[in-house]
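J.: Dumping the structure here so I can ask a few things about it.
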Amino acid sequence: MGDNIRNVIIIGSGPAGYTAGLYNARALLEPLMFAGYMSGGQLMLTSDIENFPGYPTGIGGPEMMMELREQAERFGLEVEDKDVERIDASSRPFKVYVEGEEFQAHSLIICTGAEAIWLGVEGEEEQKGRGISTCATCDGAFFRDEEVLVIGGGDSAMEEATFLTRFASKVTLVHRRDVFRASKVMVERAREHPKIEIATFSQVKRWLSDEKGLTGAVLEDPRDGSEREIACTGAFIAIGHKPISAFLEGQVETDAEGYIVAKDHTMTSIPGIFAAGDIVDSRYRQAITAAGMGCQAAIDAERWLEENAH
């Protein structure tokens, strides 16, 4: 495809990718997006989104992603639901390899996001988005006056547990050890909260459910294998995220965890390669912030292309 060099190839979808595509398409850059086989990102696992401006009655995650995609395609974004295997950033135009085929572009916008680390225990797959979540900020309000679990022992688990006390009647923090990675102040805040109970030496062995959704979990003591049941209608897994950046093979600078390091606004360590959304942002991880970064990356790419005319 050497004769057909694209102005912009967007790798990944979700709010960041689709917003970048919308902006670049409206700028007549004829962007090409490789959305991935799991197009839409983390929001495809979110049943209802109530905190995205412009949706007063809320909207389903998959529905929002379909609308964002449709809007971008209306302005000319070309989307292929395929995974990028690798890129070659050593020379320009950049090369993108997809299912053995080579594509070339003057600029790239990487929006592959980060995926939550799940427990992978029995009953989990069926209850994703039906009671089991990885984002308290996104889904906490659906559990008013209900009993919920938070799984994890780091700062994010403590933050999620504390946040959920605004809605839930009781929050049980489940951790497999009695030592926490979280800062002392965060642990103390959780311990002192009247709505939070901390269950140490506990790990989820399997999830329990009925036709309505999640009903509880079987907790196992890792020391002796003893089990007990705990009731809950919601559970939040907070054991971390992993950025989807392995396909870059170290060609773009990342931090120790694999998140892309932004050098100049949304520019990466390679001029002409930009990044937006959860692949860069391990702090906020919200649809609205990802969309905003997608807009920034698109504008940065457009300006960079103008200044580096081929």
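Scheme for the structure tokens: letters A, B, ... for chains in order shown; per-chain residue numbers from 1; ligand numbers from 1 in order shown.
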Within stretch 133-289 of chain A, find each residue whose DSSP state, derived from the backbone, is alpha helix (DSSP H), and express the selection as an NGL selection string.

T.: :A and (136-139 or 155-164 or 184-192 or 287-289)

J.: What's around A:Gly36 at 12 Å? Count only C-alpha atoms, leave out sequence neighbours fewer than 6 positions away in its own chain, and write the answer as a count of residues only.

T.: 20

J.: Enumerate, as a PyMOL selection string, the complete set of residues in stretch 69-244 of chain A that a backbone-based DSSP assignment places in strand (DSSP E or B).

T.: chain A and resi 78-80+86-88+94-98+101-110+114-116+122+128+132-133+147-151+170-174+196-199+203-210+213-220+227-231+234-237+241-243

J.: Per residue of stretch 58-101 of chain A within 10 Å of stretch 271-292 of chain A, record the nearest atom pair and its distance in Å to one decimal, counting only C-alpha atoms, with rows in chain order and ascending residue number, as a Markdown table.

T.:
```
| residue | atom | partner | partner_atom | distance |
| --- | --- | --- | --- | --- |
| A:Gly61 | CA | A:Ala287 | CA | 9.7 |
| A:Ala89 | CA | A:Ile273 | CA | 8.5 |
| A:Arg92 | CA | A:Gly272 | CA | 9.1 |
| A:Pro93 | CA | A:Gly272 | CA | 9.5 |
| A:Phe94 | CA | A:Ile273 | CA | 8.8 |
```

J.: Which polymer residues have any atom within 12 Å of an atom of A:Cys135, counting only C-alpha atoms, with same-chain residues fewer than 6 positions away left out, as a compact mmCIF listing (two decimals) with C-alpha atoms, in the first residue's frame?

T.:
```
# COMPACT_ATOMS: atom_id res chain seq x y z
CA GLN A 42 -13.99 -0.40 28.30
CA LEU A 43 -17.40 1.22 27.85
CA LEU A 45 -18.74 -3.46 29.47
CA THR A 46 -20.65 -0.55 31.05
CA SER A 47 -24.41 -0.97 31.12
CA ASP A 48 -25.36 2.64 31.88
CA ILE A 49 -23.43 5.91 31.66
CA GLU A 115 -7.86 -3.00 30.32
CA ALA A 116 -8.89 -3.69 33.86
CA ILE A 117 -7.32 -6.73 35.47
CA TRP A 118 -10.11 -9.14 36.36
CA LYS A 128 -19.54 -8.34 34.04
CA GLY A 129 -21.69 -5.23 33.72
CA ALA A 141 -24.69 5.34 41.87
CA PHE A 142 -26.54 2.21 40.69
CA VAL A 150 -14.46 -3.91 46.73
CA ILE A 151 -11.61 -6.27 45.86
CA SER A 156 -7.40 2.74 44.19
CA ALA A 157 -9.26 0.07 46.17
CA GLU A 159 -10.55 5.27 47.10
CA GLU A 160 -13.26 3.15 45.48
CA ALA A 161 -14.45 1.84 48.86
CA PHE A 163 -16.38 6.71 47.25
CA LEU A 164 -18.97 3.91 47.35
CA GLY A 234 -22.53 -5.15 43.51
CA ALA A 235 -18.79 -5.76 43.38
CA PHE A 236 -15.91 -3.57 42.23
CA ILE A 237 -12.61 -5.14 41.24
CA ALA A 238 -9.76 -2.72 41.96
CA ILE A 239 -6.61 -4.74 41.46
CA GLY A 240 -5.20 -2.56 38.70
CA HIS A 241 -5.21 -1.88 34.97
CA TYR A 284 -8.82 9.74 35.62
CA ARG A 285 -9.88 6.96 33.21
CA GLN A 286 -13.23 8.56 32.37
CA ALA A 287 -15.10 8.64 29.06
```

J.: With distances taken over only C-alpha atoms, which residue among A:Thr57, A:Ala256, A:His106, A:Gly120 lies nearest A:Ala309?

T.: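 Of the candidates, the smallest distance to A:Ala309 is held by A:His106.
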